[in-house]
>>> print(open('work19.pdb').read())   # PDB, C-alpha atoms
MODEL        1
ATOM      1  CA  GLN D 646      16.976  -9.665  -8.547  1.00  0.00           C
ATOM      2  CA  GLU D 647      18.595 -13.025  -7.945  1.00  0.00           C
ATOM      3  CA  PHE D 648      16.577 -14.509 -10.816  1.00  0.00           C
ATOM      4  CA  PHE D 649      17.821 -11.871 -13.251  1.00  0.00           C
ATOM      5  CA  ALA D 650      21.372 -12.173 -11.937  1.00  0.00           C
ATOM      6  CA  ARG D 651      21.293 -15.917 -12.675  1.00  0.00           C
ATOM      7  CA  VAL D 652      19.741 -15.384 -16.102  1.00  0.00           C
ATOM      8  CA  LEU D 653      22.352 -12.823 -17.074  1.00  0.00           C
ATOM      9  CA  ALA D 654      25.249 -14.852 -15.650  1.00  0.00           C
ATOM     10  CA  GLY D 655      24.341 -18.123 -17.347  1.00  0.00           C
ATOM     11  CA  ASN D 656      22.908 -19.416 -20.571  1.00  0.00           C
ATOM     12  CA  ALA D 657      19.295 -19.486 -19.354  1.00  0.00           C
ATOM     13  CA  PHE D 658      17.667 -18.740 -22.696  1.00  0.00           C
ATOM     14  CA  ALA D 659      19.323 -21.622 -24.526  1.00  0.00           C
ATOM     15  CA  GLY D 660      16.317 -23.786 -23.648  1.00  0.00           C
ATOM     16  CA  ALA D 661      13.820 -21.385 -25.243  1.00  0.00           C
ATOM     17  CA  ASP D 662      12.387 -23.020 -28.338  1.00  0.00           C
ATOM     18  CA  PRO D 663       9.920 -20.936 -30.411  1.00  0.00           C
ATOM     19  CA  SER D 664       8.236 -24.087 -31.687  1.00  0.00           C
ATOM     20  CA  ARG D 665       7.254 -25.019 -28.106  1.00  0.00           C
ATOM     21  CA  GLY D 666       5.408 -21.787 -27.346  1.00  0.00           C
ATOM     22  CA  ARG D 667       5.659 -18.116 -26.647  1.00  0.00           C
ATOM     23  CA  PHE D 668       8.724 -16.556 -25.024  1.00  0.00           C
ATOM     24  CA  ARG D 669       6.415 -14.956 -22.441  1.00  0.00           C
ATOM     25  CA  SER D 670       5.296 -18.450 -21.374  1.00  0.00           C
ATOM     26  CA  PHE D 671       8.907 -19.679 -21.275  1.00  0.00           C
ATOM     27  CA  LEU D 672       9.888 -16.747 -19.083  1.00  0.00           C
ATOM     28  CA  LEU D 673       6.926 -17.290 -16.762  1.00  0.00           C
ATOM     29  CA  GLY D 674       7.859 -20.978 -16.424  1.00  0.00           C
ATOM     30  CA  ALA D 675      11.480 -20.062 -15.672  1.00  0.00           C
ATOM     31  CA  VAL D 676      10.351 -17.706 -12.907  1.00  0.00           C
ATOM     32  CA  LYS D 677       8.053 -20.388 -11.455  1.00  0.00           C
ATOM     33  CA  HIS D 678      10.886 -22.931 -11.426  1.00  0.00           C
ATOM     34  CA  PHE D 679      13.223 -20.413  -9.815  1.00  0.00           C
ATOM     35  CA  LEU D 680      10.667 -19.655  -7.083  1.00  0.00           C
ATOM     36  CA  ALA D 681      10.026 -23.358  -6.488  1.00  0.00           C
ATOM     37  CA  ASP D 682      13.775 -24.010  -6.179  1.00  0.00           C
ATOM     38  CA  THR D 683      14.103 -21.107  -3.768  1.00  0.00           C
ATOM     39  CA  ARG D 684      11.234 -22.463  -1.658  1.00  0.00           C
ATOM     40  CA  ASP D 685      12.806 -25.928  -1.638  1.00  0.00           C
ATOM     41  CA  ARG D 686      16.143 -24.499  -0.462  1.00  0.00           C
ATOM     42  CA  GLU D 687      14.416 -22.573   2.311  1.00  0.00           C
ATOM     43  CA  ARG D 688      12.534 -25.680   3.444  1.00  0.00           C
ATOM     44  CA  ALA D 689      15.736 -27.723   3.386  1.00  0.00           C
ATOM     45  CA  ALA D 690      17.335 -25.446   5.970  1.00  0.00           C
ATOM     46  CA  LYS D 691      17.395 -26.921   9.433  1.00  0.00           C
ATOM     47  CA  ARG D 692      14.354 -26.291  11.566  1.00  0.00           C
ATOM     48  CA  GLY D 693      14.562 -22.913  13.222  1.00  0.00           C
ATOM     49  CA  GLY D 694      17.426 -21.745  11.008  1.00  0.00           C
ATOM     50  CA  GLY D 695      17.698 -18.472  12.911  1.00  0.00           C
ATOM     51  CA  ALA D 696      14.108 -17.506  12.075  1.00  0.00           C
ATOM     52  CA  ALA D 697      11.643 -16.615  14.779  1.00  0.00           C
ATOM     53  CA  LEU D 698       8.751 -19.058  15.041  1.00  0.00           C
ATOM     54  CA  ALA D 699       5.204 -17.760  15.139  1.00  0.00           C
ATOM     55  CA  SER D 700       2.470 -19.612  16.938  1.00  0.00           C
ATOM     56  CA  MET D 701      -0.694 -20.158  14.903  1.00  0.00           C
ATOM     57  CA  SER D 702      -2.671 -20.696  18.084  1.00  0.00           C
ATOM     58  CA  GLY D 703      -1.264 -17.719  19.984  1.00  0.00           C
ATOM     59  CA  GLY D 704      -3.901 -15.595  21.676  1.00  0.00           C
ATOM     60  CA  GLY D 705      -5.252 -12.962  19.379  1.00  0.00           C
ATOM     61  CA  GLY D 706      -6.366 -15.015  16.400  1.00  0.00           C
ATOM     62  CA  LEU D 707      -4.932 -13.940  13.077  1.00  0.00           C
ATOM     63  CA  GLY D 708      -3.802 -10.564  14.344  1.00  0.00           C
ATOM     64  CA  ASP D 709      -0.505 -12.105  15.479  1.00  0.00           C
ATOM     65  CA  GLY D 710       1.187 -11.862  12.080  1.00  0.00           C
ATOM     66  CA  THR D 711      -0.064 -15.153  10.626  1.00  0.00           C
ATOM     67  CA  GLN D 712      -0.690 -14.795   6.918  1.00  0.00           C
ATOM     68  CA  ILE D 713      -3.402 -16.562   4.973  1.00  0.00           C
ATOM     69  CA  ALA D 714      -3.568 -16.541   1.185  1.00  0.00           C
ATOM     70  CA  ASP D 715      -6.104 -14.138  -0.278  1.00  0.00           C
ATOM     71  CA  LEU D 716      -8.318 -16.341  -2.440  1.00  0.00           C
ATOM     72  CA  ALA D 717      -9.710 -13.261  -4.225  1.00  0.00           C
ATOM     73  CA  ALA D 718      -6.245 -12.202  -5.377  1.00  0.00           C
ATOM     74  CA  ASP D 719      -5.040 -12.894  -8.906  1.00  0.00           C
ATOM     75  CA  VAL D 720      -3.157 -16.099  -9.522  1.00  0.00           C
ATOM     76  CA  PRO D 721       0.401 -15.340 -10.683  1.00  0.00           C
ATOM     77  CA  ASP D 722      -0.290 -16.363 -14.295  1.00  0.00           C
ATOM     78  CA  THR D 723      -3.261 -14.022 -14.557  1.00  0.00           C
ATOM     79  CA  TYR D 724      -1.360 -11.185 -12.913  1.00  0.00           C
ATOM     80  CA  PHE D 725       1.617 -11.719 -15.231  1.00  0.00           C
ATOM     81  CA  ASP D 726      -0.589 -11.748 -18.347  1.00  0.00           C
ATOM     82  CA  ARG D 727      -2.531  -8.680 -17.218  1.00  0.00           C
ATOM     83  CA  GLN D 728       0.708  -6.770 -16.603  1.00  0.00           C
ATOM     84  CA  TRP D 729       1.903  -7.816 -20.068  1.00  0.00           C
ATOM     85  CA  ALA D 730      -1.341  -6.494 -21.581  1.00  0.00           C
ATOM     86  CA  TYR D 731      -1.078  -3.195 -19.691  1.00  0.00           C
ATOM     87  CA  ALA D 732       2.545  -2.766 -20.771  1.00  0.00           C
ATOM     88  CA  ALA D 733       1.715  -3.434 -24.435  1.00  0.00           C
ATOM     89  CA  MET D 734      -1.141  -0.955 -24.313  1.00  0.00           C
ATOM     90  CA  GLU D 735       0.982   1.656 -22.565  1.00  0.00           C
ATOM     91  CA  ARG D 736       3.691   1.394 -25.228  1.00  0.00           C
ATOM     92  CA  ALA D 737       1.098   1.781 -27.995  1.00  0.00           C
ATOM     93  CA  PHE D 738      -0.525   4.691 -26.151  1.00  0.00           C
ATOM     94  CA  SER D 739       2.848   6.424 -25.758  1.00  0.00           C
ATOM     95  CA  ALA D 740       3.669   5.861 -29.435  1.00  0.00           C
ATOM     96  CA  LEU D 741       0.350   7.425 -30.441  1.00  0.00           C
ATOM     97  CA  ALA D 742       0.926  10.413 -28.172  1.00  0.00           C
ATOM     98  CA  SER D 743       4.387  10.873 -29.655  1.00  0.00           C
ATOM     99  CA  GLU D 744       3.090  10.612 -33.236  1.00  0.00           C
ATOM    100  CA  LEU D 745       0.364  13.180 -32.663  1.00  0.00           C
ATOM    101  CA  ASP D 746       2.710  15.489 -30.798  1.00  0.00           C
ATOM    102  CA  SER D 747       5.243  15.426 -33.635  1.00  0.00           C
ATOM    103  CA  ALA D 748       2.389  16.146 -36.089  1.00  0.00           C
ATOM    104  CA  GLY D 749       1.519  19.266 -34.078  1.00  0.00           C
ATOM    105  CA  LYS D 750      -1.618  17.708 -32.598  1.00  0.00           C
ATOM    106  CA  GLY D 751      -0.424  17.322 -29.009  1.00  0.00           C
ATOM    107  CA  SER D 752      -3.175  19.542 -27.592  1.00  0.00           C
ATOM    108  CA  GLN D 753      -5.770  17.637 -29.623  1.00  0.00           C
ATOM    109  CA  PHE D 754      -4.470  14.373 -28.174  1.00  0.00           C
ATOM    110  CA  ALA D 755      -4.573  15.793 -24.627  1.00  0.00           C
ATOM    111  CA  VAL D 756      -8.224  16.826 -25.012  1.00  0.00           C
ATOM    112  CA  LEU D 757      -9.405  13.691 -26.852  1.00  0.00           C
ATOM    113  CA  LYS D 758      -7.473  10.991 -25.000  1.00  0.00           C
ATOM    114  CA  PRO D 759     -10.316  10.307 -22.506  1.00  0.00           C
ATOM    115  CA  TRP D 760     -12.315   8.868 -25.427  1.00  0.00           C
ATOM    116  CA  LEU D 761      -9.391   6.638 -26.300  1.00  0.00           C
ATOM    117  CA  GLU D 762      -9.085   5.455 -22.704  1.00  0.00           C
ATOM    118  CA  GLY D 763     -12.826   4.791 -22.405  1.00  0.00           C
ATOM    119  CA  ASP D 764     -13.305   7.397 -19.676  1.00  0.00           C
ATOM    120  CA  ARG D 765     -17.049   7.694 -19.122  1.00  0.00           C
ATOM    121  CA  ASP D 766     -16.615  11.008 -17.305  1.00  0.00           C
ATOM    122  CA  ALA D 767     -14.859  12.640 -20.259  1.00  0.00           C
ATOM    123  CA  GLY D 768     -17.541  15.259 -20.740  1.00  0.00           C
ATOM    124  CA  SER D 769     -19.219  15.925 -24.031  1.00  0.00           C
ATOM    125  CA  GLN D 770     -17.663  15.890 -27.448  1.00  0.00           C
ATOM    126  CA  ALA D 771     -19.306  19.273 -28.034  1.00  0.00           C
ATOM    127  CA  ASP D 772     -17.268  20.717 -25.136  1.00  0.00           C
ATOM    128  CA  ALA D 773     -14.115  19.138 -26.556  1.00  0.00           C
ATOM    129  CA  ALA D 774     -14.906  20.616 -29.969  1.00  0.00           C
ATOM    130  CA  ARG D 775     -15.324  24.103 -28.480  1.00  0.00           C
ATOM    131  CA  SER D 776     -12.043  23.849 -26.548  1.00  0.00           C
ATOM    132  CA  LEU D 777     -10.204  22.768 -29.704  1.00  0.00           C
ATOM    133  CA  GLY D 778     -11.943  25.258 -31.991  1.00  0.00           C
ATOM    134  CA  MET D 779     -13.303  22.422 -34.142  1.00  0.00           C
ATOM    135  CA  GLY D 780     -16.724  21.290 -35.211  1.00  0.00           C
ATOM    136  CA  GLU D 781     -18.345  18.414 -33.361  1.00  0.00           C
ATOM    137  CA  GLY D 782     -18.215  16.257 -36.516  1.00  0.00           C
ATOM    138  CA  ALA D 783     -14.465  16.922 -36.851  1.00  0.00           C
ATOM    139  CA  VAL D 784     -13.944  15.836 -33.236  1.00  0.00           C
ATOM    140  CA  LYS D 785     -15.811  12.589 -33.893  1.00  0.00           C
ATOM    141  CA  VAL D 786     -13.625  11.934 -36.936  1.00  0.00           C
ATOM    142  CA  ALA D 787     -10.464  12.746 -34.945  1.00  0.00           C
ATOM    143  CA  ILE D 788     -11.515  10.318 -32.179  1.00  0.00           C
ATOM    144  CA  HIS D 789     -12.262   7.638 -34.783  1.00  0.00           C
ATOM    145  CA  ARG D 790      -8.829   8.125 -36.374  1.00  0.00           C
ATOM    146  CA  MET D 791      -7.066   8.043 -32.995  1.00  0.00           C
ATOM    147  CA  ARG D 792      -8.802   4.775 -32.097  1.00  0.00           C
ATOM    148  CA  LYS D 793      -7.955   3.260 -35.465  1.00  0.00           C
ATOM    149  CA  ARG D 794      -4.279   4.241 -35.167  1.00  0.00           C
ATOM    150  CA  PHE D 795      -4.191   2.974 -31.576  1.00  0.00           C
ATOM    151  CA  ARG D 796      -5.460  -0.447 -32.753  1.00  0.00           C
ATOM    152  CA  GLU D 797      -2.751  -0.498 -35.441  1.00  0.00           C
ATOM    153  CA  LEU D 798      -0.078   0.336 -32.871  1.00  0.00           C
ATOM    154  CA  ILE D 799      -1.328  -2.381 -30.495  1.00  0.00           C
ATOM    155  CA  ARG D 800      -1.194  -4.931 -33.326  1.00  0.00           C
ATOM    156  CA  ALA D 801       2.340  -3.809 -34.200  1.00  0.00           C
ATOM    157  CA  GLU D 802       3.381  -4.021 -30.536  1.00  0.00           C
ATOM    158  CA  ILE D 803       2.012  -7.548 -30.263  1.00  0.00           C
ATOM    159  CA  ALA D 804       3.574  -8.564 -33.583  1.00  0.00           C
ATOM    160  CA  HIS D 805       6.983  -7.856 -32.007  1.00  0.00           C
ATOM    161  CA  THR D 806       6.295 -10.510 -29.352  1.00  0.00           C
ATOM    162  CA  VAL D 807       5.368 -13.426 -31.611  1.00  0.00           C
ATOM    163  CA  PRO D 808       7.575 -15.326 -34.070  1.00  0.00           C
ATOM    164  CA  VAL D 809       4.938 -15.489 -36.838  1.00  0.00           C
ATOM    165  CA  ALA D 810       2.848 -12.472 -37.836  1.00  0.00           C
ATOM    166  CA  ALA D 811      -0.257 -14.666 -38.125  1.00  0.00           C
ATOM    167  CA  ASP D 812      -0.090 -15.283 -34.362  1.00  0.00           C
ATOM    168  CA  ALA D 813      -0.552 -11.554 -33.662  1.00  0.00           C
ATOM    169  CA  GLU D 814      -4.336 -11.703 -34.090  1.00  0.00           C
ATOM    170  CA  GLU D 815      -4.592 -14.598 -31.620  1.00  0.00           C
ATOM    171  CA  GLU D 816      -2.424 -12.668 -29.160  1.00  0.00           C
ATOM    172  CA  LEU D 817      -4.597  -9.568 -29.634  1.00  0.00           C
ATOM    173  CA  ARG D 818      -7.705 -11.600 -28.819  1.00  0.00           C
ATOM    174  CA  TYR D 819      -5.917 -12.948 -25.749  1.00  0.00           C
ATOM    175  CA  LEU D 820      -4.966  -9.398 -24.685  1.00  0.00           C
ATOM    176  CA  VAL D 821      -8.620  -8.345 -24.865  1.00  0.00           C
ATOM    177  CA  GLU D 822      -9.676 -11.489 -22.970  1.00  0.00           C
ATOM    178  CA  VAL D 823      -7.120 -10.826 -20.210  1.00  0.00           C
ATOM    179  CA  LEU D 824      -8.230  -7.217 -19.798  1.00  0.00           C
ATOM    180  CA  ALA D 825     -11.929  -8.089 -19.910  1.00  0.00           C
ATOM    181  CA  ALA D 826     -11.564 -10.757 -17.178  1.00  0.00           C
ATOM    182  CA  ARG D 827     -11.207  -8.184 -14.455  1.00  0.00           C
TER     183      ARG D 827
ENDMDL
END
>>> encode(input="work19.pdb", output="structure tokens")
Amino acid sequence: QEFFARVLAGNAFAGADPSRGRFRSFLLGAVKHFLADTRDRERAAKRGGGAALASMSGGGGLGDGTQIADLAADVPDTYFDRQWAYAAMERAFSALASELDSAGKGSQFAVLKPWLEGDRDAGSQADAARSLGMGEGAVKVAIHRMRKRFRELIRAEIAHTVPVAADAEEELRYLVEVLAAR
């Protein structure tokens, strides 16, 4: 909250230069610098500073509240990028749901969305066709069209985050790479 309060109170985005990189990277760097400054201020406080000291050798091993970094956890950059990718996909997914709902195909979207999400336990397309009163071939076409429109919406969502439209394809590849890394 303090980071956002400082950003909103000052002229923090004046240093953002599109020719030097993506705004997402600028924002991530600003957060890192803020956290480093905060850590430095905390370390500069006099020893003890009203905080209770914990003994690392106190009987009971690590069960005494000592924290050790989880080496299996995501590094902040990876976590930030993955959250960006999830958010972009969620916005595209919501836009698709809204489009199909306004076209009177909300129930079709509800039944077919597991194939869009890649849910392996979605059941059979024949069952989906029966529940929608459609032929199995029509369901396959509907799934194909949903996937195609979803890709278009993802591209459009990413295009809003880059200064040049040509960079959208590179960002899309990066989104796939970030999601596949898990």
>>> atom_distance(input="work19.pdb", atom1="atom CA of Arg796 of chain D", atom2="atom CA of Ala730 of chain D")
13.4 Å
>>> residues_around(input="work19.pdb", residues="segment 765-775 of chain D", least_positions_apart="5", cutoff="12 Å", atoms="only C-alpha atoms", output="list in words")
Ser752, Gln753, Phe754, Ala755, Val756, Leu757, Lys758, Pro759, Trp760, Gly780, Glu781, Gly782, Ala783, Val784, Lys785, Val786, Ala787 and Ile788 of chain D
>>> closest_residue(input="work19.pdb", among="D:Asp662, D:Arg727, D:Leu798, D:Leu680", to="Ser743 of chain D", atoms="only C-alpha atoms")
D:Leu798
>>> atom_distance(input="work19.pdb", atom1="atom CA of Ser739 of chain D", atom2="atom CA of Leu817 of chain D")
18.1 Å
>>> atom_distance(input="work19.pdb", atom1="atom CA of Ala654 of chain D", atom2="atom CA of Phe725 of chain D")
23.8 Å
